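Okay, so here's the structure we're looking at.
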Amino acid sequence: ACWKTYLGRSEANECRCNALGILGMAFNERAADALPVLKAYLALTERYCPNVRGVLTAQGNLATCLGNLGRSDEAVILEREIYDRRVAMQGISHEETILTGNNLVGSLINLKRLEEAKSLLRDQLLPAARQSLGAEHDFTLELNQILAGALANNPERTRGDLRVHRCDPFCRAAATRPVVHQHRRRPARRRDH
């Protein structure tokens with residue numbers, strides 16, 4: 001119904017563009033149906049909405065859809081681009097940057113690129129999350145959990161990897177929680193038109 005309301009408006013109309021994005025996300029359970037809609041939404045957003053954050057959000061939705069379709073190689077390329085742009089635009093310690101990094105880590109883990117995931121978590125995301133969100137923040141603890149899982153599931157891990165991780169009190173606290181990795185999406189902001 002939302003899409004039909006704005007269908008007659010010009011392609012450049014922001015409401016029409018946003019309705020297309022909502023339509024794509026409504027296909028959450030049917031990723032194959034969502035993919036062409038999300039691609040169209042990204043193309044319209046890039047063409048008519050100069051808002052960089054809007055483009056990054058559209059790219060993130062497309063990357064999540066690609067991952068849901070098992071196309072993790074394509075998803076990780078897009079997620080790396082989004083992460084790099086967020087780092088340049090907002091800095092490493094911004095919550096949206098950390099969230100985007102978490103999504104990239106999830107895709108790297110899905111591709112069994114555990115060393116890359118471990119490096120990103122250990123060297124960038126965890127220090128940034130501890131500094132900006134705090135060591136006891138749920139998201140920081142979740143990142144610790146993901147690192148513990150990546151270390152435990154990595155056949156190439158060393159005793160040093162496990163020892164360093166066990167020595168960190170924040171990692172020990174996180175290790176007691178079950179490991180579940182999910183792509184996270186920042187809640188949509190409401191805009192009055």
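By order of appearance in the structure tokens: chains A, B, ..., then residues from 1 within every chain, and ligands from 1 in the order shown.
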For this session: Skip range 62-76 of chain A itself and residues of its chain fewer than 6 positions away, then list as an NGL selection string all residues within 8 Å of it, counting only C-alpha atoms.
Result: :A and (31-32 or 34-35 or 38-39 or 42 or 104 or 107-108 or 110-111 or 183)
Save out the residues we just selected, N, CA, C and O atoms, as a PDB file, in the first residue's frame.
```pdb
ATOM      1  N   ALA A  31      14.272 -13.000   0.211  1.00  0.00           N
ATOM      2  CA  ALA A  31      15.412 -12.212  -0.255  1.00  0.00           C
ATOM      3  C   ALA A  31      15.510 -12.156  -1.772  1.00  0.00           C
ATOM      4  O   ALA A  31      15.908 -11.124  -2.323  1.00  0.00           O
ATOM      5  N   ALA A  32      15.142 -13.221  -2.449  1.00  0.00           N
ATOM      6  CA  ALA A  32      15.220 -13.215  -3.915  1.00  0.00           C
ATOM      7  C   ALA A  32      14.281 -12.167  -4.507  1.00  0.00           C
ATOM      8  O   ALA A  32      14.600 -11.539  -5.516  1.00  0.00           O
ATOM      9  N   ALA A  34      13.338  -9.451  -2.825  1.00  0.00           N
ATOM     10  CA  ALA A  34      13.806  -8.153  -2.334  1.00  0.00           C
ATOM     11  C   ALA A  34      14.976  -7.611  -3.151  1.00  0.00           C
ATOM     12  O   ALA A  34      15.117  -6.396  -3.297  1.00  0.00           O
ATOM     13  N   LEU A  35      15.811  -8.492  -3.681  1.00  0.00           N
ATOM     14  CA  LEU A  35      17.046  -8.057  -4.341  1.00  0.00           C
ATOM     15  C   LEU A  35      16.823  -7.024  -5.454  1.00  0.00           C
ATOM     16  O   LEU A  35      17.445  -5.956  -5.419  1.00  0.00           O
ATOM     17  N   LEU A  38      15.729  -3.695  -3.888  1.00  0.00           N
ATOM     18  CA  LEU A  38      16.791  -3.000  -3.157  1.00  0.00           C
ATOM     19  C   LEU A  38      17.849  -2.436  -4.104  1.00  0.00           C
ATOM     20  O   LEU A  38      18.413  -1.374  -3.835  1.00  0.00           O
ATOM     21  N   LYS A  39      18.098  -3.116  -5.212  1.00  0.00           N
ATOM     22  CA  LYS A  39      19.028  -2.575  -6.218  1.00  0.00           C
ATOM     23  C   LYS A  39      18.452  -1.294  -6.825  1.00  0.00           C
ATOM     24  O   LYS A  39      19.175  -0.313  -7.021  1.00  0.00           O
ATOM     25  N   LEU A  42      18.725   1.502  -4.267  1.00  0.00           N
ATOM     26  CA  LEU A  42      20.087   2.032  -4.195  1.00  0.00           C
ATOM     27  C   LEU A  42      20.375   2.941  -5.387  1.00  0.00           C
ATOM     28  O   LEU A  42      20.922   4.033  -5.216  1.00  0.00           O
ATOM     29  N   LEU A 104      30.389  -6.413   8.735  1.00  0.00           N
ATOM     30  CA  LEU A 104      31.503  -6.887   7.919  1.00  0.00           C
ATOM     31  C   LEU A 104      32.126  -8.128   8.552  1.00  0.00           C
ATOM     32  O   LEU A 104      32.409  -9.116   7.860  1.00  0.00           O
ATOM     33  N   SER A 107      30.073 -11.233   7.849  1.00  0.00           N
ATOM     34  CA  SER A 107      30.259 -11.754   6.493  1.00  0.00           C
ATOM     35  C   SER A 107      31.613 -12.439   6.345  1.00  0.00           C
ATOM     36  O   SER A 107      31.727 -13.468   5.681  1.00  0.00           O
ATOM     37  N   LEU A 108      32.646 -11.881   6.969  1.00  0.00           N
ATOM     38  CA  LEU A 108      33.965 -12.516   6.921  1.00  0.00           C
ATOM     39  C   LEU A 108      33.933 -13.891   7.590  1.00  0.00           C
ATOM     40  O   LEU A 108      34.519 -14.852   7.092  1.00  0.00           O
ATOM     41  N   ASN A 110      31.259 -15.818   7.866  1.00  0.00           N
ATOM     42  CA  ASN A 110      30.505 -16.695   6.965  1.00  0.00           C
ATOM     43  C   ASN A 110      31.377 -17.246   5.842  1.00  0.00           C
ATOM     44  O   ASN A 110      31.171 -18.361   5.376  1.00  0.00           O
ATOM     45  N   LEU A 111      32.350 -16.435   5.406  1.00  0.00           N
ATOM     46  CA  LEU A 111      33.266 -16.857   4.348  1.00  0.00           C
ATOM     47  C   LEU A 111      34.478 -17.618   4.888  1.00  0.00           C
ATOM     48  O   LEU A 111      35.387 -17.952   4.139  1.00  0.00           O
ATOM     49  N   HIS A 183      23.422  -9.753  11.693  1.00  0.00           N
ATOM     50  CA  HIS A 183      23.632  -8.440  11.100  1.00  0.00           C
ATOM     51  C   HIS A 183      22.702  -7.493  11.834  1.00  0.00           C
ATOM     52  O   HIS A 183      21.550  -7.807  12.070  1.00  0.00           O
TER      53      HIS A 183
END
```
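Minimum atom-to-atom distance to Tyr83 in chain A, evaluated using only C-alpha atoms, belongs to A:Leu120 out of A:Tyr48, A:Thr140, A:Val37, A:Leu120.
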Exercise. So which one's closest to Leu99 in chain A, A:Leu121, A:Cys49, A:Ala40, A:Ile77? Using only C-alpha atoms, please.
Worked result: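 Smallest distance to Leu99 in chain A is found for A:Leu121.
Comparing the minimum interatomic distances between Lys112 in chain A and each of A:Glu96, A:Glu81, A:Glu156, A:Glu46, counting only C-alpha atoms, we find that A:Glu156 sits nearest.
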